[in-house]
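The file query01.cif contains mmCIF, C-alpha atoms:
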```cif
data_start
loop_
_atom_site.label_atom_id
_atom_site.label_comp_id
_atom_site.auth_asym_id
_atom_site.auth_seq_id
_atom_site.Cartn_x
_atom_site.Cartn_y
_atom_site.Cartn_z
CA VAL A 1 24.72 5.61 -1.35
CA VAL A 2 21.03 5.18 -0.51
CA THR A 3 19.63 7.88 1.75
CA ASP A 4 16.24 8.48 3.37
CA ASN A 5 16.86 12.24 3.80
CA LEU A 6 17.77 13.19 0.23
CA PRO A 7 16.77 16.90 0.54
CA GLU A 8 18.99 17.35 3.63
CA LYS A 9 21.88 15.54 1.96
CA ILE A 10 21.63 17.74 -1.15
CA SER A 11 21.62 20.92 0.95
CA ALA A 12 24.49 19.80 3.23
CA THR A 13 27.73 21.79 2.89
CA ASN A 14 30.20 19.16 4.07
CA GLU A 15 29.16 16.09 2.10
CA SER A 16 31.70 13.90 0.31
CA ASP A 17 31.78 13.56 -3.46
CA ASN A 18 29.86 10.28 -3.42
CA SER A 19 26.76 9.85 -5.56
CA PHE A 20 23.55 9.02 -3.74
CA PHE A 21 19.88 8.40 -4.47
CA GLY A 22 16.56 8.20 -2.64
CA THR A 23 12.99 9.57 -2.65
CA ILE A 24 12.11 13.26 -2.78
CA SER A 25 8.76 15.04 -3.03
CA GLU A 26 7.79 17.61 -5.64
CA GLU A 27 7.54 20.29 -2.93
CA GLU A 28 11.04 19.48 -1.72
CA ILE A 29 12.45 19.80 -5.25
CA HIS A 30 10.75 23.19 -5.62
CA SER A 31 12.09 24.31 -2.24
CA ILE A 32 15.67 23.32 -3.12
CA LEU A 33 15.55 24.98 -6.54
CA GLU A 34 14.03 28.23 -5.30
CA LYS A 35 16.12 28.74 -2.16
CA ASP A 36 19.41 26.88 -2.28
CA VAL A 37 20.69 26.34 -5.83
CA HIS A 38 21.70 28.12 -9.02
CA LEU A 39 20.67 26.40 -12.25
CA VAL A 40 23.32 25.96 -14.95
CA LYS A 41 23.52 24.78 -18.56
CA GLY A 42 20.85 27.21 -19.72
CA LEU A 43 18.05 25.61 -17.72
CA GLN A 44 15.22 27.88 -16.63
CA LEU A 45 13.23 27.41 -13.42
CA LYS A 46 10.00 27.55 -15.45
CA GLU A 47 11.10 24.56 -17.55
CA VAL A 48 11.79 22.52 -14.45
CA ARG A 49 8.43 23.52 -12.94
CA ASP A 50 6.62 22.44 -16.13
CA ASN A 51 8.38 19.06 -16.07
CA LEU A 52 7.39 18.52 -12.45
CA LYS A 53 3.83 19.72 -13.06
CA HIS A 54 3.37 17.17 -15.87
CA ARG A 55 5.33 14.51 -13.91
CA LYS A 56 7.93 13.95 -16.61
CA ILE A 57 11.26 12.15 -16.30
CA GLY A 58 14.09 14.67 -16.37
CA HIS A 59 17.33 15.97 -14.96
CA ILE A 60 18.61 19.20 -13.42
CA GLU A 61 22.12 20.65 -13.40
CA TYR A 62 22.74 23.12 -10.58
CA ILE A 63 25.32 24.62 -8.25
CA ILE A 64 24.79 24.41 -4.49
CA HIS A 65 27.30 25.73 -1.94
CA GLY A 66 29.84 26.05 -4.74
CA LYS A 67 29.44 22.43 -5.86
CA GLU A 68 28.05 21.52 -9.26
CA GLN A 69 25.68 18.56 -9.25
CA ARG A 70 23.25 16.79 -11.55
CA MET A 71 19.96 15.27 -10.36
CA PHE A 72 18.08 12.63 -12.38
CA TYR A 73 14.47 12.13 -11.28
CA VAL A 74 11.67 9.71 -12.17
CA PRO A 75 8.09 10.18 -10.86
CA ILE A 76 6.63 7.34 -8.79
CA PRO A 77 3.13 6.46 -10.09
CA ASN A 78 0.19 7.35 -7.81
CA HIS A 79 2.48 9.32 -5.49
CA ASP A 80 3.83 12.85 -5.19
CA TYR A 81 7.34 11.48 -4.72
CA TYR A 82 10.19 10.98 -7.17
CA MET A 83 13.07 8.53 -7.23
CA ALA A 84 16.15 10.74 -7.65
CA THR A 85 19.88 10.18 -8.20
CA VAL A 86 22.34 12.99 -7.42
CA VAL A 87 25.79 12.92 -9.06
CA PRO A 88 28.38 15.53 -7.89
CA TYR A 89 30.44 16.88 -10.77
CA SER A 90 33.54 17.12 -8.58
CA SER A 91 33.93 13.34 -8.67
CA VAL A 92 33.47 12.91 -12.42
CA SER A 93 34.53 16.23 -13.94
CA LYS A 94 37.66 14.78 -15.57
CA GLN A 95 35.73 11.91 -17.12
CA ILE A 96 32.97 14.21 -18.33
CA ASN A 97 35.47 16.47 -20.05
CA LYS A 98 36.88 13.49 -21.98
CA ILE A 99 33.68 11.97 -23.25
CA GLY A 100 31.46 13.30 -26.02
CA ASN A 101 27.79 13.98 -26.14
CA GLU A 102 27.02 10.43 -27.27
CA ARG A 103 28.75 8.85 -24.27
CA LEU A 104 27.11 11.37 -21.96
CA LEU A 105 23.75 10.35 -23.41
CA VAL A 106 24.57 6.69 -22.73
CA LEU A 107 25.48 7.54 -19.13
CA SER A 108 22.24 9.47 -18.69
CA THR A 109 20.25 6.61 -20.21
CA LEU A 110 21.93 4.14 -17.87
CA CYS A 111 21.07 6.27 -14.85
CA MET A 112 17.49 6.50 -16.07
CA ALA A 113 17.35 2.71 -16.54
CA ILE A 114 18.58 2.14 -12.99
CA LEU A 115 16.00 4.55 -11.62
CA LEU A 116 13.24 2.90 -13.65
CA MET A 117 14.31 -0.50 -12.32
CA VAL A 118 14.19 0.72 -8.73
CA CYS A 119 10.85 2.39 -9.42
CA SER A 120 9.49 -0.87 -10.92
CA LEU A 121 10.51 -2.81 -7.81
CA PHE A 122 8.78 -0.20 -5.67
CA ILE A 123 5.60 -0.48 -7.75
CA VAL A 124 5.62 -4.30 -7.47
CA HIS A 125 5.95 -3.98 -3.70
CA LEU A 126 3.13 -1.41 -3.61
CA VAL A 127 0.82 -3.64 -5.68
CA SER A 128 1.56 -6.58 -3.36
CA MET A 129 0.70 -4.49 -0.30
CA ARG A 130 -2.57 -3.33 -1.87
CA LYS A 131 -3.46 -6.93 -2.79
CA ASN A 132 -2.86 -8.10 0.78
CA LYS A 133 -4.94 -5.21 2.11
CA ARG A 134 -7.79 -6.03 -0.30
CA GLU A 135 -7.71 -9.71 0.72
CA LEU A 136 -7.86 -8.73 4.39
CA GLU A 137 -10.81 -6.40 3.75
CA ASP A 138 -12.62 -9.16 1.82
CA ALA A 139 -12.03 -11.60 4.69
CA ASN A 140 -13.39 -9.13 7.24
CA GLU A 141 -16.43 -8.43 5.07
CA ALA A 142 -17.09 -12.16 4.69
CA LYS A 143 -16.82 -12.62 8.45
CA SER A 144 -19.28 -9.79 9.08
CA THR A 145 -21.73 -11.26 6.56
CA PHE A 146 -21.39 -14.69 8.15
CA LEU A 147 -22.06 -13.35 11.65
CA SER A 148 -25.07 -11.36 10.42
CA ASN A 149 -26.59 -14.38 8.68
CA MET A 150 -25.81 -16.65 11.63
CA SER A 151 -27.50 -14.24 14.04
CA HIS A 152 -30.66 -14.41 11.94
CA ASP A 153 -30.47 -18.22 11.68
CA ILE A 154 -30.02 -18.61 15.44
CA ARG A 155 -32.91 -16.27 16.20
CA THR A 156 -35.37 -18.44 14.22
CA PRO A 157 -35.12 -21.68 16.30
CA MET A 158 -34.84 -19.65 19.50
CA ASN A 159 -38.15 -17.92 18.74
CA ALA A 160 -39.71 -21.31 17.99
CA ILE A 161 -38.51 -22.77 21.29
CA VAL A 162 -39.80 -19.80 23.30
CA GLY A 163 -43.10 -19.70 21.43
CA PHE A 164 -43.92 -23.42 21.66
CA THR A 165 -42.86 -23.46 25.33
CA ASN A 166 -45.45 -20.75 26.08
CA LEU A 167 -48.09 -22.62 24.08
CA ALA A 168 -47.32 -25.81 26.03
CA LYS A 169 -47.81 -23.93 29.31
CA MET A 170 -51.12 -22.49 28.09
CA ASN A 171 -52.39 -25.96 27.09
CA ILE A 172 -50.87 -27.97 29.93
CA ASP A 173 -54.13 -29.95 30.36
CA ASN A 174 -54.23 -30.95 26.66
CA LYS A 175 -51.78 -33.83 26.40
CA ASP A 176 -51.91 -34.12 22.59
CA LYS A 177 -51.10 -30.45 22.06
CA VAL A 178 -48.33 -30.51 24.65
CA VAL A 179 -46.71 -33.54 22.97
CA ALA A 180 -46.90 -31.81 19.57
CA TYR A 181 -45.36 -28.65 20.99
CA LEU A 182 -42.57 -30.63 22.70
CA GLU A 183 -41.74 -32.39 19.42
CA LYS A 184 -41.41 -29.01 17.68
CA ILE A 185 -39.31 -27.70 20.56
CA ASP A 186 -37.07 -30.77 20.24
CA ALA A 187 -36.65 -30.22 16.47
CA SER A 188 -35.86 -26.53 16.96
CA SER A 189 -33.37 -27.39 19.72
CA ASN A 190 -31.54 -29.82 17.45
CA HIS A 191 -31.45 -27.24 14.67
CA LEU A 192 -30.06 -24.65 17.10
CA LEU A 193 -27.43 -27.13 18.30
CA ASP A 194 -26.33 -27.76 14.70
CA LEU A 195 -25.95 -24.01 14.14
CA ILE A 196 -23.86 -23.60 17.30
CA ASN A 197 -21.66 -26.54 16.26
CA ASP A 198 -21.14 -24.88 12.86
CA VAL A 199 -20.03 -21.66 14.56
CA LEU A 200 -17.61 -23.57 16.79
CA ASP A 201 -16.22 -25.44 13.78
CA MET A 202 -15.67 -22.17 11.92
CA SER A 203 -13.87 -20.73 14.95
CA GLN A 204 -11.58 -23.76 15.15
CA ILE A 205 -10.84 -23.58 11.43
CA GLU A 206 -10.00 -19.89 11.71
CA ALA A 207 -7.73 -20.64 14.68
CA ARG A 208 -6.09 -23.43 12.60
CA LYS A 209 -7.02 -26.03 15.22
CA THR A 210 -9.00 -28.22 12.82
CA LYS A 211 -7.53 -30.63 10.28
CA LEU A 212 -9.56 -31.24 7.12
CA ALA A 213 -9.39 -34.53 5.26
CA VAL A 214 -10.68 -35.38 1.76
CA LYS A 215 -12.94 -38.43 1.78
#
```
Conversion result in structure tokens:
Amino acid sequence: VVTDNLPEKISATNESDNSFFGTISEEEIHSILEKDVHLVKGLQLKEVRDNLKHRKIGHIEYIIHGKEQRMFYVPIPNHDYYMATVVPYSSVSKQINKIGNERLLVLSTLCMAILLMVCSLFIVHLVSMRKNKRELEDANEAKSTFLSNMSHDIRTPMNAIVGFTNLAKMNIDNKDKVVAYLEKIDASSNHLLDLINDVLDMSQIEARKTKLAVK
């Protein structure tokens, strides 16, 4: 049974004998061990703390509310959480009494393999999310750079238009100069129009309203 509230399920007094697994933090493991359970099979609390401190794969046998359970845990990389499986002894006590240490080791290894598989799937999902986030950040950065460069490019012909317009007014009686200034204003206007068209084309491409064809 998969559960999102593993610490509450472990501490519950009226749970069935089903096995269940989910995520649990290091602090929650410490809280359960120090307040609610009694360790068995010769395990010491210090040993468990050392395993958790060094983020090692391990297992714990304990008694909680009169029920003996075993927890297998695997640390999730780059997180304080563990993937944990809890197996109540009440549901498997007869089978455990019949099998030897070798079969018990196989069972433990199988549980560890399942946890590692689940953990691997979680890591793949996490890497995918980080990749998507990085791609989004790169796209936003590229957009900001584009807008910054475009602002500078638009300012250049605008300054030329304003400047040559003022010069034309100051030399209104000199036909040759006015014609020269008007030609430069016309060239700057065309350049500014090209820049605006480029911005509009980029906006349409981003909105997926433009179809591109290879020629």
### Query
Skipping near chain neighbours, those fewer than 5 positions away, what residues fall within 12 Å of Glu183 (chain A) using all atoms listed in the file, listed as number ranges by chain?
A: 160-161, 164-165, 168, 176-178, 188-190
### Message
My list of candidates is A:His54, A:Ser19, A:Asn159, A:Ser31. Which is closest to Arg70 (chain A) when distances are computed with all atoms listed in the file?
### Response
A:Ser19
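From CA of Ala84 (chain A) back to CA of Leu115 (chain A), the distance works out to 7.4 Å.
The residue that comes closest to Val48 (chain A), out of A:His30, A:Arg155, A:Lys175, A:His65 and on the basis of only C-alpha atoms, is A:His30.
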### Query
Out of A:Lys46, A:Tyr62, A:Ile196, A:Asn174, which residue has the shortest atom-to-atom distance to Ser151 (chain A) when counting all atoms listed in the file?
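Closest residue, counting all atoms listed in the file: A:Ile196.
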